[in-house]
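Enquirer: One structure coming up, written as structure tokens, with questions to follow.
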Amino acid sequence: MRSQAISSAQTLFQSRLATLEHLLRSAQTYFEESESFFDESESFLQMRIVADMLPFGTQIAFTCNQPRNFALWCDGKPADNLAPEVTSLRQAHEYLANTQALLSNINPDAIRVTGTTRVDLGKGAYLELTDGAYVNDFLIPNFYFHLVTAYDILRMAGVPLGKKDYMLHLVPHIKTA
């Protein structure tokens, strides 16, 4: 992959992680101020859309895993997913900060990719993808899936979010007539 493509993916991940952080802070504020506040201030991390889907806290971990593994991949290191059990706000914020730090350390001109990436899917299944397919067909779609799911969980829970909260990366480009 060319350094410009790496840099574009890096920027995309960084800006959308800022969106996830905004969503998390919005949820914190909402649940702290809400009359229907749960017994514990961090219980919203366990909220889910339906019983067989993963909770909000896990969506944070899985959203972070994609840019995290992108940064490791750029450095020639193997994927290393975060623990999916996010049980505290401190842990959620650490995941976001650590992932942003990994992304910030990417040097697009010094990447060490091999041309083909193997993605283990568990139970002996795996994918072998070209560099471009790994980023564009695996990492980015998975990233958006978990980001949107996190957003949807919070909307379902009543957190007052709208499209502007999800599309924060466009706010600097808004013009008025």
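Going by the structure tokens order, chains are called A, B, ..., each with residues numbered from 1, while ligands are numbered from 1 in the order shown.
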List every residue of range 23-88 of chain A that has an atom at most 10 Å from any atom of range 103-121 of chain A, giving for each one its closest atom pair and the distance in Å to one decimal, counting only C-alpha atoms, sorted by chain and then by ascending residue number, as JSON lines.
Expert:
{"residue": "A:Pro67", "atom": "CA", "partner": "A:Leu103", "partner_atom": "CA", "distance": 7.1}
{"residue": "A:Arg68", "atom": "CA", "partner": "A:Leu103", "partner_atom": "CA", "distance": 7.2}
{"residue": "A:Asn69", "atom": "CA", "partner": "A:Leu103", "partner_atom": "CA", "distance": 9.7}
{"residue": "A:Phe70", "atom": "CA", "partner": "A:Leu103", "partner_atom": "CA", "distance": 8.1}
{"residue": "A:Ala71", "atom": "CA", "partner": "A:Leu103", "partner_atom": "CA", "distance": 5.6}
{"residue": "A:Leu72", "atom": "CA", "partner": "A:Ile106", "partner_atom": "CA", "distance": 8.8}
{"residue": "A:Trp73", "atom": "CA", "partner": "A:Val113", "partner_atom": "CA", "distance": 6.8}
{"residue": "A:Cys74", "atom": "CA", "partner": "A:Ile111", "partner_atom": "CA", "distance": 4.9}
{"residue": "A:Asp75", "atom": "CA", "partner": "A:Arg112", "partner_atom": "CA", "distance": 5.6}
{"residue": "A:Gly76", "atom": "CA", "partner": "A:Arg112", "partner_atom": "CA", "distance": 5.0}
{"residue": "A:Lys77", "atom": "CA", "partner": "A:Arg112", "partner_atom": "CA", "distance": 8.7}
{"residue": "A:Pro78", "atom": "CA", "partner": "A:Arg118", "partner_atom": "CA", "distance": 9.6}
{"residue": "A:Ala79", "atom": "CA", "partner": "A:Val119", "partner_atom": "CA", "distance": 8.5}
Enquirer: Export all heavy atoms of the chosen residues as a compact mmCIF listing (two decimals), in the first residue's frame?
Expert:
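Once everything was written out, this is again07.txt:
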# COMPACT_ATOMS: atom_id res chain seq x y z
N PRO A 67 -8.45 -0.05 14.36
CA PRO A 67 -7.30 0.85 14.17
C PRO A 67 -6.06 0.40 14.94
O PRO A 67 -4.93 0.64 14.51
CB PRO A 67 -7.81 2.20 14.68
CG PRO A 67 -9.04 1.92 15.45
CD PRO A 67 -9.58 0.62 14.96
N ARG A 68 -6.27 -0.27 16.05
CA ARG A 68 -5.14 -0.81 16.82
C ARG A 68 -4.37 -1.82 15.97
O ARG A 68 -3.14 -1.74 15.84
CB ARG A 68 -5.68 -1.47 18.09
CG ARG A 68 -4.68 -2.21 18.91
CD ARG A 68 -5.36 -2.95 20.07
NE ARG A 68 -4.44 -3.77 20.77
CZ ARG A 68 -3.54 -3.34 21.65
NH1 ARG A 68 -3.47 -2.05 21.93
NH2 ARG A 68 -2.71 -4.16 22.24
N ASN A 69 -5.09 -2.75 15.36
CA ASN A 69 -4.44 -3.76 14.53
C ASN A 69 -3.89 -3.16 13.24
O ASN A 69 -2.90 -3.64 12.71
CB ASN A 69 -5.38 -4.93 14.29
CG ASN A 69 -5.54 -5.76 15.55
OD1 ASN A 69 -4.60 -5.91 16.33
ND2 ASN A 69 -6.72 -6.28 15.79
N PHE A 70 -4.51 -2.10 12.75
CA PHE A 70 -3.97 -1.37 11.61
C PHE A 70 -2.59 -0.81 11.97
O PHE A 70 -1.62 -0.96 11.21
CB PHE A 70 -4.93 -0.25 11.22
CG PHE A 70 -4.38 0.69 10.18
CD1 PHE A 70 -4.29 0.33 8.85
CD2 PHE A 70 -3.97 1.97 10.55
CE1 PHE A 70 -3.79 1.20 7.90
CE2 PHE A 70 -3.47 2.85 9.60
CZ PHE A 70 -3.38 2.47 8.27
N ALA A 71 -2.48 -0.16 13.12
CA ALA A 71 -1.21 0.43 13.55
C ALA A 71 -0.15 -0.66 13.74
O ALA A 71 1.01 -0.48 13.33
CB ALA A 71 -1.40 1.23 14.83
N LEU A 72 -0.53 -1.77 14.35
CA LEU A 72 0.41 -2.87 14.54
C LEU A 72 0.85 -3.44 13.19
O LEU A 72 2.03 -3.74 12.98
CB LEU A 72 -0.21 -3.96 15.43
CG LEU A 72 -0.47 -3.54 16.88
CD1 LEU A 72 -1.31 -4.60 17.59
CD2 LEU A 72 0.83 -3.29 17.62
N TRP A 73 -0.10 -3.59 12.29
CA TRP A 73 0.18 -4.11 10.94
C TRP A 73 1.16 -3.20 10.21
O TRP A 73 2.10 -3.68 9.57
CB TRP A 73 -1.15 -4.23 10.20
CG TRP A 73 -1.07 -4.55 8.75
CD1 TRP A 73 -0.85 -5.78 8.18
CD2 TRP A 73 -1.26 -3.64 7.66
NE1 TRP A 73 -0.88 -5.67 6.81
CE2 TRP A 73 -1.13 -4.37 6.48
CE3 TRP A 73 -1.53 -2.28 7.60
CZ2 TRP A 73 -1.27 -3.79 5.22
CZ3 TRP A 73 -1.66 -1.70 6.35
CH2 TRP A 73 -1.53 -2.45 5.17
N CYS A 74 0.96 -1.89 10.33
CA CYS A 74 1.88 -0.93 9.70
C CYS A 74 3.30 -1.07 10.24
O CYS A 74 4.27 -0.79 9.53
CB CYS A 74 1.39 0.50 9.93
SG CYS A 74 -0.03 0.99 8.94
N ASP A 75 3.41 -1.52 11.48
CA ASP A 75 4.71 -1.67 12.12
C ASP A 75 5.25 -3.10 11.96
O ASP A 75 6.26 -3.45 12.58
CB ASP A 75 4.60 -1.30 13.60
CG ASP A 75 5.94 -0.98 14.23
OD1 ASP A 75 6.88 -0.59 13.51
OD2 ASP A 75 6.04 -1.13 15.46
N GLY A 76 4.58 -3.92 11.18
CA GLY A 76 5.03 -5.29 10.95
C GLY A 76 4.79 -6.22 12.12
O GLY A 76 5.40 -7.29 12.22
N LYS A 77 3.90 -5.86 13.03
CA LYS A 77 3.60 -6.67 14.20
C LYS A 77 2.27 -7.40 14.02
O LYS A 77 1.40 -6.94 13.28
CB LYS A 77 3.55 -5.79 15.45
CG LYS A 77 4.88 -5.14 15.77
CD LYS A 77 4.78 -4.22 16.96
CE LYS A 77 6.13 -3.56 17.24
NZ LYS A 77 6.02 -2.50 18.23
N PRO A 78 2.09 -8.52 14.72
CA PRO A 78 0.83 -9.28 14.60
C PRO A 78 -0.33 -8.56 15.30
O PRO A 78 -0.13 -7.74 16.21
CB PRO A 78 1.14 -10.60 15.29
CG PRO A 78 2.24 -10.29 16.24
CD PRO A 78 3.05 -9.19 15.61
N ALA A 79 -1.52 -8.90 14.87
CA ALA A 79 -2.73 -8.36 15.50
C ALA A 79 -2.75 -8.73 16.97
O ALA A 79 -2.25 -9.78 17.38
CB ALA A 79 -3.97 -8.92 14.80
Enquirer: What are the closest atom pairs, with distances in Å to one decimal, for each residue of range 100-169 of chain A lying within 12 Å of range 5-21 of chain A, using only C-alpha atoms, rows by chain and rising residue number, as a tab-separated table?
Expert:
residue	atom	partner	partner_atom	distance
A:Gln100	CA	A:Gln14	CA	6.4
A:Ala101	CA	A:Gln14	CA	9.5
A:Leu102	CA	A:Gln14	CA	10.0
A:Leu103	CA	A:Gln10	CA	6.4
A:Ser104	CA	A:Gln10	CA	8.1
A:Asn105	CA	A:Gln10	CA	10.0
A:Ile106	CA	A:Gln10	CA	7.9
A:Asn107	CA	A:Ser7	CA	8.3
A:Pro108	CA	A:Ile6	CA	5.8
A:Asp109	CA	A:Ile6	CA	8.8
A:Ala110	CA	A:Ile6	CA	10.4
A:Ile111	CA	A:Ile6	CA	8.5
A:Arg112	CA	A:Ile6	CA	11.3
A:Val113	CA	A:Ile6	CA	10.7
A:Asp131	CA	A:Ile6	CA	10.2
A:Gly132	CA	A:Ala5	CA	8.8
A:Tyr134	CA	A:Ala9	CA	11.5
A:Val135	CA	A:Ala9	CA	7.8
A:Asn136	CA	A:Ala9	CA	8.7
A:Leu139	CA	A:Ala9	CA	9.7
A:Ile140	CA	A:Ala9	CA	8.3
A:Pro141	CA	A:Phe13	CA	11.5
A:Asn142	CA	A:Phe13	CA	11.7
A:Phe143	CA	A:Phe13	CA	8.3
A:Tyr144	CA	A:Arg16	CA	8.8
A:His146	CA	A:Leu20	CA	10.0
A:Leu147	CA	A:Leu20	CA	6.8
A:Val148	CA	A:Leu20	CA	9.4
A:Thr149	CA	A:Leu20	CA	10.8
A:Ala150	CA	A:Leu20	CA	8.0
A:Tyr151	CA	A:Leu20	CA	8.1
A:Asp152	CA	A:Leu20	CA	11.9
A:Leu154	CA	A:Leu20	CA	11.2
A:Leu161	CA	A:Thr19	CA	11.5
A:Lys163	CA	A:Thr19	CA	11.2
A:Lys164	CA	A:Thr19	CA	10.0
A:Asp165	CA	A:Thr19	CA	7.2
A:Tyr166	CA	A:Thr19	CA	6.3
A:Met167	CA	A:Thr19	CA	7.5
A:Leu168	CA	A:Thr19	CA	6.1
A:His169	CA	A:Ser15	CA	6.0
Enquirer: Could you give me, as a compact mmCIF listing (two decimals) with N, CA, C and O atoms, in the first residue's frame, the residues within 7 Å of Ile60 in chain A, counting only C-alpha atoms and dropping anything in the same chain fewer than 4 positions from it?
Expert:
# COMPACT_ATOMS: atom_id res chain seq x y z
N PHE A 56 -22.41 -2.46 24.89
CA PHE A 56 -21.75 -1.21 24.51
C PHE A 56 -20.26 -1.23 24.82
O PHE A 56 -19.44 -0.83 23.98
N CYS A 64 -12.09 -0.18 18.75
CA CYS A 64 -10.66 0.14 18.92
C CYS A 64 -9.75 -0.92 18.29
O CYS A 64 -8.65 -0.59 17.83
N ALA A 92 -12.57 2.02 29.33
CA ALA A 92 -13.04 2.47 28.01
C ALA A 92 -12.20 3.65 27.53
O ALA A 92 -11.74 3.67 26.37
Enquirer: Just asking: which residues within range 2-121 of chain A are strand (DSSP E or B) according to DSSP, as a PyMOL selection string?
Expert: chain A and resi 116-121
Enquirer: From range 23-73 of chain A, collect each residue whose DSSP state is alpha helix (DSSP H) and return the set as a count of residues only.
Expert: 29
